[in-house]
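Asker: Input structure: upload_36.txt, which contains compact mmCIF, C-alpha atoms.
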# COMPACT_ATOMS: atom_id res chain seq x y z
CA MET A 1 104.42 70.66 236.94
CA SER A 2 102.23 68.70 239.40
CA SER A 3 99.29 66.59 238.27
CA ALA A 4 96.96 68.94 240.17
CA SER A 5 98.25 71.94 238.20
CA VAL A 6 97.83 70.05 234.93
CA GLY A 7 94.29 69.19 235.94
CA GLU A 8 93.46 72.80 236.73
CA ARG A 9 94.84 73.93 233.39
CA ARG A 10 92.72 71.36 231.59
CA VAL A 11 89.62 72.49 233.43
CA LEU A 12 90.29 76.14 232.53
CA LEU A 13 91.03 75.19 228.92
CA ALA A 14 87.74 73.31 228.66
CA ALA A 15 85.90 76.21 230.33
CA SER A 16 87.54 78.69 227.95
CA LEU A 17 86.40 76.67 224.95
CA VAL A 18 82.84 76.48 226.31
CA VAL A 19 82.80 80.26 226.90
CA VAL A 20 84.22 81.15 223.47
CA VAL A 21 81.91 78.82 221.54
CA GLY A 22 78.97 79.80 223.74
CA VAL A 23 79.45 83.52 223.20
CA ILE A 24 79.92 83.12 219.44
CA ALA A 25 76.89 80.82 219.20
CA THR A 26 74.61 83.12 221.21
CA THR A 27 75.86 86.36 219.59
CA LEU A 28 76.53 85.61 215.93
CA ALA A 29 73.32 83.57 215.52
CA GLN A 30 71.11 86.42 216.74
CA ASN A 31 68.51 87.91 214.42
CA VAL A 32 69.96 91.37 215.09
CA ILE A 33 73.57 90.32 214.36
CA LEU A 34 74.16 87.91 211.45
CA GLY A 35 70.47 87.88 210.57
CA LYS A 36 70.02 91.67 210.64
CA ILE A 37 70.76 92.64 207.02
CA PRO A 38 69.01 89.59 205.48
CA LEU A 39 65.90 90.16 207.61
CA GLN A 40 65.84 93.91 206.96
CA ASN A 41 66.21 93.20 203.26
CA LEU A 42 63.37 90.65 203.39
CA LEU A 43 61.06 93.06 205.20
CA LYS A 44 61.86 95.96 202.86
CA ASN A 45 62.00 94.30 199.47
CA THR A 46 59.73 91.24 199.84
CA LEU A 47 57.11 92.34 202.37
CA HIS A 48 57.47 96.02 201.32
CA ALA A 49 57.46 97.16 204.95
CA ASP A 50 58.07 100.85 205.54
CA ARG A 51 60.79 102.13 207.89
CA SER A 52 58.50 102.21 210.91
CA ALA A 53 57.28 98.63 210.46
CA ASN A 54 60.84 97.44 209.83
CA ALA A 55 62.15 99.03 213.03
CA ALA A 56 59.12 97.83 215.04
CA PHE A 57 59.82 94.27 213.89
CA PHE A 58 63.23 94.23 215.55
CA PHE A 59 62.00 96.02 218.68
CA TRP A 60 59.51 93.22 219.32
CA ALA A 61 61.72 90.44 217.91
CA ILE A 62 64.26 90.91 220.72
CA PHE A 63 61.62 91.31 223.46
CA PRO A 64 63.00 88.33 225.47
CA TRP A 65 66.31 90.20 225.88
CA TYR A 66 64.48 92.86 227.92
CA LEU A 67 63.58 90.08 230.39
CA LYS A 68 67.05 88.56 230.75
CA PRO A 69 67.25 89.19 234.54
CA LEU A 70 64.10 87.11 235.04
CA VAL A 71 65.53 84.31 232.91
CA GLY A 72 68.61 84.35 235.13
CA LEU A 73 66.47 83.99 238.26
CA VAL A 74 64.65 81.01 236.76
CA GLU A 75 67.87 79.26 235.74
CA ASP A 76 69.37 79.77 239.20
CA ALA A 77 66.24 78.57 240.99
CA VAL A 78 65.09 75.68 238.80
CA PRO A 79 67.73 73.16 237.65
CA LEU A 80 66.90 71.42 234.38
CA ALA A 81 67.72 67.70 234.26
CA GLY A 82 69.77 68.22 237.41
CA THR A 83 71.99 71.07 236.14
CA ARG A 84 71.74 74.86 236.05
CA ARG A 85 74.09 75.58 233.13
CA ARG A 86 74.72 72.54 230.94
CA SER A 87 71.08 71.64 230.28
CA TYR A 88 70.00 75.24 229.70
CA LEU A 89 72.90 75.75 227.26
CA MET A 90 71.86 72.69 225.30
CA LEU A 91 68.19 73.67 225.45
CA GLY A 92 68.87 77.21 224.22
CA GLY A 93 71.21 76.10 221.43
CA GLY A 94 68.94 73.28 220.27
CA LEU A 95 65.77 75.37 220.41
CA GLY A 96 67.49 78.23 218.58
CA ALA A 97 68.72 75.91 215.84
CA LEU A 98 65.26 74.37 215.45
CA ALA A 99 63.62 77.81 215.23
CA TRP A 100 66.09 78.98 212.58
CA TYR A 101 65.76 75.75 210.56
CA CYS A 102 61.96 76.14 210.56
CA PHE A 103 62.18 79.80 209.52
CA PRO A 104 62.15 79.24 205.70
CA TRP A 105 58.96 77.17 206.02
CA VAL A 106 57.03 79.88 207.84
CA PRO A 107 54.53 81.83 205.69
CA PHE A 108 56.11 85.13 204.70
CA TYR A 109 53.69 87.26 206.66
CA TYR A 110 54.85 89.93 209.09
CA ALA A 111 53.18 88.42 212.18
CA ALA A 112 54.34 84.87 211.46
CA LEU A 113 57.94 85.93 210.87
CA LEU A 114 57.86 88.02 214.04
CA ALA A 115 56.60 85.09 216.14
CA VAL A 116 59.48 82.88 214.99
CA ASN A 117 61.99 85.64 215.66
CA VAL A 118 60.72 86.08 219.22
CA LEU A 119 61.27 82.34 219.72
CA ILE A 120 64.80 82.68 218.29
CA SER A 121 65.55 85.51 220.73
CA LEU A 122 64.14 83.55 223.67
CA SER A 123 66.41 80.64 222.77
CA MET A 124 69.46 82.88 222.57
CA VAL A 125 68.60 84.51 225.92
CA ILE A 126 68.32 81.10 227.61
CA ALA A 127 71.74 80.02 226.33
CA SER A 128 73.40 83.43 226.81
CA THR A 129 72.24 83.64 230.43
CA ALA A 130 73.55 80.13 231.08
CA ILE A 131 76.95 80.89 229.57
CA GLY A 132 77.23 84.03 231.70
CA GLY A 133 76.37 82.13 234.86
CA TYR A 134 78.83 79.37 233.98
CA MET A 135 81.63 81.88 233.40
CA VAL A 136 81.04 83.52 236.78
CA GLU A 137 80.97 80.15 238.54
CA VAL A 138 84.23 78.96 236.95
CA ALA A 139 85.95 82.26 237.72
CA ALA A 140 84.81 82.07 241.36
CA SER A 141 85.86 78.45 241.91
CA ARG A 142 88.92 78.08 239.67
CA GLY A 143 90.22 81.61 239.16
CA GLY A 144 90.99 82.95 235.69
CA ALA A 145 88.36 85.71 235.75
CA GLY A 146 90.54 88.05 233.68
CA ARG A 147 91.29 85.40 231.08
CA LEU A 148 87.66 84.34 230.73
CA SER A 149 86.43 87.95 230.55
CA SER A 150 89.01 88.75 227.88
CA LEU A 151 88.06 85.69 225.85
CA ARG A 152 84.39 86.62 226.14
CA MET A 153 85.03 90.13 224.78
CA ILE A 154 87.19 88.81 221.93
CA ALA A 155 84.49 86.31 220.94
CA ASP A 156 81.80 89.00 221.13
CA GLN A 157 83.72 91.47 218.96
CA PHE A 158 84.67 88.71 216.52
CA SER A 159 80.98 87.94 216.07
CA VAL A 160 80.11 91.57 215.35
CA LEU A 161 82.95 91.99 212.83
CA VAL A 162 82.07 88.77 210.97
CA ALA A 163 78.34 89.59 210.92
CA GLY A 164 78.70 92.68 208.69
CA PRO A 165 80.30 91.18 205.56
CA ALA A 166 78.72 87.75 206.08
CA GLY A 167 75.23 89.19 206.60
CA GLY A 168 75.59 91.40 203.55
CA LEU A 169 76.60 88.38 201.46
CA LEU A 170 73.79 86.18 202.78
CA ALA A 171 71.20 88.88 202.03
CA ALA A 172 71.96 88.44 198.33
CA PHE A 173 70.65 84.84 198.48
CA ALA A 174 67.40 83.23 199.59
CA ILE A 175 66.62 83.70 203.28
CA GLY A 176 66.91 79.95 203.78
CA TRP A 177 70.71 80.21 203.59
CA THR A 178 70.69 82.71 206.45
CA ALA A 179 68.48 80.39 208.47
CA VAL A 180 70.78 77.40 207.88
CA CYS A 181 73.90 79.38 208.78
CA CYS A 182 72.42 80.92 211.94
CA GLY A 183 70.85 77.65 213.04
CA SER A 184 74.10 75.75 212.57
CA ILE A 185 76.01 78.36 214.55
CA ALA A 186 73.47 78.18 217.40
CA LEU A 187 73.72 74.39 217.37
CA LEU A 188 77.51 74.47 217.94
CA ILE A 189 77.05 74.95 221.69
CA VAL A 190 75.12 71.68 222.10
CA PRO A 191 77.96 69.18 221.48
CA VAL A 192 80.50 71.46 223.18
CA ALA A 193 78.35 71.66 226.34
CA TRP A 194 77.70 67.90 226.21
CA TRP A 195 81.37 66.95 225.95
CA LEU A 196 83.20 69.65 227.88
CA LEU A 197 80.89 71.13 230.51
CA ARG A 198 81.06 69.08 233.68
CA GLU A 199 78.61 70.13 236.36
CA ARG A 200 77.63 68.54 239.63
CA PRO A 201 73.95 67.61 239.99
CA ALA A 202 72.03 70.53 241.48
CA ALA A 203 68.98 70.34 243.70
CA PRO A 204 66.13 72.83 243.25
CA ALA A 205 66.69 75.92 245.35
CA ALA A 206 63.78 78.08 244.36
CA ALA A 207 62.90 79.30 247.84
CA GLY A 208 66.42 80.42 248.69
CA VAL A 209 66.99 82.05 245.33
CA LEU A 210 63.66 83.88 245.44
CA ARG A 211 64.36 85.15 248.97
CA GLU A 212 67.74 86.39 247.77
CA ALA A 213 66.10 87.96 244.71
CA ARG A 214 63.62 89.85 246.90
CA ALA A 215 66.47 91.15 249.03
CA GLN A 216 68.39 92.24 245.94
CA PHE A 217 65.37 93.99 244.45
CA ARG A 218 64.90 95.89 247.71
CA ALA A 219 68.56 96.95 247.65
CA ILE A 220 68.32 98.01 244.01
CA GLY A 221 65.07 99.90 244.63
CA SER A 222 66.81 102.11 247.19
CA ALA A 223 69.98 102.62 245.11
CA GLY A 224 69.55 106.21 243.97
CA THR A 225 72.89 106.30 242.15
CA MET A 226 71.97 103.30 240.05
CA TRP A 227 68.64 104.84 239.01
CA ALA A 228 70.36 108.13 238.18
CA THR A 229 72.70 106.13 235.97
CA ALA A 230 69.74 104.34 234.39
CA GLY A 231 68.13 107.72 233.67
CA LEU A 232 71.29 109.05 232.01
CA ALA A 233 71.64 105.89 229.92
CA ALA A 234 67.96 106.02 228.95
CA LEU A 235 68.34 109.62 227.75
CA PHE A 236 71.38 108.70 225.66
CA TYR A 237 69.82 105.61 224.09
CA SER A 238 66.38 107.24 223.64
CA ALA A 239 67.69 109.77 221.10
CA PRO A 240 65.49 109.18 218.00
CA GLY A 241 67.38 106.45 216.15
CA VAL A 242 68.48 106.52 212.52
CA GLN A 243 69.72 102.96 211.88
CA THR A 244 66.69 101.63 210.00
CA ALA A 245 66.38 104.93 208.13
CA LEU A 246 70.01 104.57 207.06
CA PHE A 247 69.33 101.07 205.70
CA TYR A 248 66.68 102.54 203.38
CA ILE A 249 68.93 105.46 202.37
CA GLN A 250 71.78 103.10 201.56
CA GLN A 251 69.60 101.07 199.20
CA ASN A 252 67.21 103.69 197.79
CA ASP A 253 69.42 106.79 197.56
CA LEU A 254 73.00 105.50 197.46
CA HIS A 255 72.05 102.34 195.48
CA MET A 256 74.25 100.12 197.60
CA SER A 257 74.15 96.34 197.43
CA THR A 258 73.76 94.27 200.58
CA ASP A 259 77.45 93.35 200.25
CA ALA A 260 78.36 97.05 200.43
CA GLN A 261 76.05 97.49 203.42
CA GLY A 262 77.85 94.65 205.16
CA VAL A 263 81.17 96.43 204.59
CA LEU A 264 79.73 99.51 206.31
CA LEU A 265 78.90 97.42 209.39
CA PHE A 266 82.41 95.97 209.32
CA LEU A 267 83.93 99.48 209.23
CA SER A 268 81.68 100.59 212.08
CA GLY A 269 82.71 97.56 214.12
CA GLY A 270 86.38 98.25 213.42
CA GLY A 271 86.00 101.82 214.65
CA GLY A 272 84.26 100.47 217.73
CA MET A 273 87.05 98.02 218.52
CA LEU A 274 89.61 100.81 218.22
CA ALA A 275 87.57 102.98 220.58
CA ALA A 276 87.23 100.20 223.16
CA ALA A 277 90.98 99.51 223.04
CA LEU A 278 91.89 103.21 223.45
CA TYR A 279 89.42 103.64 226.30
CA GLY A 280 90.76 100.66 228.22
CA ALA A 281 94.46 101.17 227.55
CA PHE A 282 94.64 104.97 227.76
CA GLY A 283 91.50 106.90 228.67
CA SER A 284 90.39 104.95 231.75
CA ARG A 285 93.90 105.17 233.23
CA ARG A 286 94.46 108.91 232.81
CA PHE A 287 91.13 110.70 233.23
CA THR A 288 88.35 110.75 235.80
CA LEU A 289 85.13 109.03 234.88
CA ARG A 290 83.33 112.40 234.91
CA ALA A 291 85.73 113.81 232.30
CA LEU A 292 85.50 110.63 230.25
CA LEU A 293 81.70 110.67 230.29
CA MET A 294 81.48 114.28 229.17
CA GLY A 295 84.14 113.92 226.47
CA CYS A 296 82.84 110.59 225.17
CA LEU A 297 79.20 111.73 225.08
CA ILE A 298 80.23 114.77 223.04
CA LEU A 299 82.21 112.51 220.72
CA GLY A 300 79.18 110.23 220.38
CA ALA A 301 76.98 113.21 219.49
CA CYS A 302 79.52 114.29 216.86
CA GLY A 303 79.39 110.80 215.38
CA ASN A 304 75.61 111.06 215.13
CA LEU A 305 75.73 114.54 213.59
CA ALA A 306 78.14 113.30 210.92
CA TYR A 307 75.12 111.64 209.29
CA LEU A 308 74.17 115.12 208.03
CA PHE A 309 76.81 114.53 205.32
CA TYR A 310 75.67 111.02 204.37
CA ASP A 311 75.33 111.71 200.64
CA SER A 312 77.61 109.23 198.85
CA ALA A 313 79.08 105.74 199.24
CA ALA A 314 82.53 107.17 200.00
CA ALA A 315 81.10 109.51 202.66
CA ALA A 316 79.08 106.64 204.12
CA ARG A 317 82.22 104.55 204.63
CA LEU A 318 84.03 107.37 206.43
CA ILE A 319 81.03 108.33 208.53
CA GLU A 320 80.25 104.76 209.61
CA CYS A 321 83.85 104.30 210.74
CA PHE A 322 83.82 107.61 212.64
CA ASN A 323 80.40 106.99 214.17
CA GLY A 324 81.42 103.48 215.21
CA PHE A 325 84.38 105.03 217.03
CA GLY A 326 82.44 107.90 218.64
CA TYR A 327 79.35 105.91 219.57
CA THR A 328 81.42 103.13 221.12
CA MET A 329 83.44 105.63 223.15
CA ALA A 330 80.20 106.98 224.59
CA GLU A 331 78.80 103.50 225.18
CA VAL A 332 81.95 102.19 226.88
CA ALA A 333 81.97 105.20 229.21
CA LEU A 334 78.31 104.54 230.08
CA MET A 335 79.08 100.85 230.70
CA HIS A 336 81.93 101.95 232.97
CA LEU A 337 79.44 104.10 234.89
CA CYS A 338 76.91 101.26 235.08
CA VAL A 339 79.49 98.93 236.60
CA ARG A 340 80.38 101.49 239.28
CA ALA A 341 76.77 102.40 240.03
CA THR A 342 75.50 98.84 240.52
CA PRO A 343 74.97 98.17 244.27
CA ALA A 344 77.37 95.79 246.00
CA GLY A 345 75.82 92.38 246.52
CA SER A 346 73.47 92.81 243.54
CA GLU A 347 76.08 92.95 240.78
CA ALA A 348 74.62 90.45 238.34
CA LEU A 349 70.97 91.41 238.76
CA GLY A 350 71.63 95.16 238.87
CA PHE A 351 73.84 95.15 235.78
CA SER A 352 71.33 92.98 233.90
CA LEU A 353 68.59 95.48 234.71
CA LEU A 354 70.72 98.33 233.39
CA MET A 355 71.41 96.37 230.20
CA SER A 356 67.69 95.75 229.81
CA VAL A 357 67.10 99.51 229.97
CA ARG A 358 69.78 99.92 227.33
CA ASN A 359 68.27 97.35 224.94
CA PHE A 360 64.70 98.62 225.37
CA CYS A 361 65.62 102.26 224.74
CA LEU A 362 68.06 101.49 221.91
CA TYR A 363 65.60 99.54 219.76
CA GLY A 364 62.64 101.63 220.88
CA SER A 365 64.41 104.80 219.74
CA ASP A 366 65.05 103.30 216.29
CA TRP A 367 61.34 102.54 216.00
CA LEU A 368 60.54 106.10 217.16
CA GLY A 369 62.91 107.64 214.62
CA SER A 370 61.45 105.62 211.75
CA THR A 371 57.90 106.47 212.85
CA LEU A 372 58.72 110.18 212.87
CA LEU A 373 59.97 109.86 209.29
CA ASP A 374 57.01 107.81 208.02
CA ARG A 375 54.11 109.26 210.01
CA ALA A 376 55.18 112.80 210.91
CA HIS A 377 57.07 113.19 207.59
CA LEU A 378 60.20 114.61 209.21
CA GLN A 379 63.24 115.08 207.03
CA PHE A 380 66.18 112.78 207.71
CA HIS A 381 68.45 115.74 208.49
CA THR A 382 65.95 116.95 211.10
CA LEU A 383 65.98 113.52 212.72
CA VAL A 384 69.79 113.55 212.82
CA LEU A 385 69.77 116.98 214.50
CA MET A 386 67.24 115.73 217.08
CA ASN A 387 69.41 112.68 217.72
CA GLY A 388 72.56 114.73 218.29
CA ALA A 389 70.76 117.32 220.43
CA THR A 390 69.24 114.65 222.69
CA THR A 391 72.65 113.07 223.18
CA LEU A 392 74.17 116.44 224.06
CA LEU A 393 71.44 116.97 226.68
CA ALA A 394 73.00 114.12 228.65
CA VAL A 395 76.35 115.94 228.94
CA PRO A 396 75.44 118.54 231.63
CA LEU A 397 73.58 115.85 233.60
CA VAL A 398 76.94 114.17 234.21
CA LEU A 399 77.73 117.07 236.58
CA LEU A 400 74.82 115.98 238.79
CA LEU A 401 76.14 112.46 239.34
CA PRO A 402 77.59 111.72 242.82
CA SER A 403 81.30 112.55 242.99
CA ALA A 404 82.00 109.25 244.72
CA ILE A 405 81.53 107.27 241.49
CA VAL A 406 82.75 109.73 238.83
CA ARG A 407 85.67 111.50 240.49
CA ALA A 408 88.22 108.68 240.24
CA PRO A 409 89.67 107.29 236.97
What is this file in structure tokens?
Answerer:
Amino acid sequence: MSSASVGERRVLLAASLVVVVGVIATTLAQNVILGKIPLQNLLKNTLHADRSANAAFFFWAIFPWYLKPLVGLVEDAVPLAGTRRRSYLMLGGGLGALAWYCFPWVPFYYAALLAVNVLISLSMVIASTAIGGYMVEVAASRGGAGRLSSLRMIADQFSVLVAGPAGGLLAAFAIGWTAVCCGSIALLIVPVAWWLLRERPAAPAAAGVLREARAQFRAIGSAGTMWATAGLAALFYSAPGVQTALFYIQQNDLHMSTDAQGVLLFLSGGGGMLAAALYGAFGSRRFTLRALLMGCLILGACGNLAYLFYDSAAAARLIECFNGFGYTMAEVALMHLCVRATPAGSEALGFSLLMSVRNFCLYGSDWLGSTLLDRAHLQFHTLVLMNGATTLLAVPLVLLLPSAIVRAP
């Protein structure tokens, strides 16, 4: 093997390590991943927040994630300390660690806790955007796009699977342990970026980037297919959510410990991984996207409707596994559609905008569902029926999508 080939392999190995550690650090350390059960438990049992206030907390706590496309534009246009990726990765990881480490010292008032969590989310967005940009740049200049994408997905799913049991265990202890764990995980990216990420000094390019951004926004504004896709995704994710309501049912009605709640998240994540594997290895190769969308949306609605039978710990374990499978099938199909619908030449910005719609509607719908329970005094079963019916409304709309993007597998 030539010295050049050895050098390329070393570069890809270093890039792979940066991507894996970066994804784990910016995913697992999030307040809606590893911190979710401990924070929900704190809000419910220490601050005595009702379901609506609990769900609203997380909707606003992840507000910076709704603005991720703008963060990307800033990082592309304004190098920090001469680099566009390395410095922002270190800034995001360091700021996230600092915010988490300060968390136990913040007065346990709703507004104060929310302010710190917004700062945590902003830190994670800064680092996550940088790691995404770095991955694209390495793939474009060195090859290995498939390998890096695969590693990114593995690291992401690993984070979700670990977060369930680990978050349930941490919730049984003082919140300071969660803060230390999450902060330390966020901090991992700082030494890795310092030692392994080599980047040529970059000059500010704000004018060029902003001109390109204006051109991309014009292209996206006239992309009817993309906005039709955004509408379909918004309808699916806007179904009145039940996740916060389920947290209260698990503790108040089923008398589950936080450890048991963590197991439920693990089972849901396992069902989701199985769904993603089946979709990629079998479904996407044999069926048209239109058929996949209709079938997967129906399966997702069935997963939601299964919550009508959520009346025991044993039923909860089965339902969470089934819903994780069904919901992920629907979500993967929608992601498949989003990729196809994003205009050529605006891939990164267009897809980020679609993901922002997804995040806003997903957490907004959970807040809406909890508000309907607390303020309008709806029964949980009624909310579940509304959720399933709204999801099913999206099925016939698939027939209205342009054949050019849904006819092929």
Asker: Counting all atoms listed in the file, figure out which residue out of A:Leu399, A:Leu265, A:Leu293, A:Ile131 gets nearest to Pro165 of chain A.
Answerer: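 Result for the nearest residue to Pro165 of chain A: A:Leu265.
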Asker: Calculated over all atoms listed in the file, which of the candidates A:Cys182, A:Cys338, A:Ala55, A:Ala130 has the smallest distance to Leu373 of chain A?
Answerer: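 The answer is A:Ala55, which sits nearest to Leu373 of chain A.
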Asker: Write out as a list of chain:residue names each polymer residue whose atoms come within 8 Å of segment 19-27 of chain A, counting only C-alpha atoms; drop sequence neighbours fewer than 4 positions from it.
Answerer: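 Everything that qualifies: A:Ala15, A:Ile33, A:Gly93, A:Met124, A:Val125, A:Ala127, A:Ser128, A:Ile131, A:Met135, A:Leu148, A:Leu151, A:Arg152, A:Ala155, A:Asp156, A:Phe158, A:Ser159, A:Val160, A:Ile185, A:Ala186, A:Leu187, A:Leu188, A:Ile189, A:Val192.
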Asker: Measuring between all atoms listed in the file, which one of A:Gly324, A:Gly167, A:Pro69, A:Gly133 shows the shortest distance to Gly269 of chain A?
Answerer: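 Among A:Gly324, A:Gly167, A:Pro69, A:Gly133, it is A:Gly324 that comes nearest to Gly269 of chain A.
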Asker: I'd like to know which of A:Val384, A:Leu337, A:Leu372, A:Leu397 is closest to Phe309 of chain A, using all atoms listed in the file.
Answerer: A:Val384
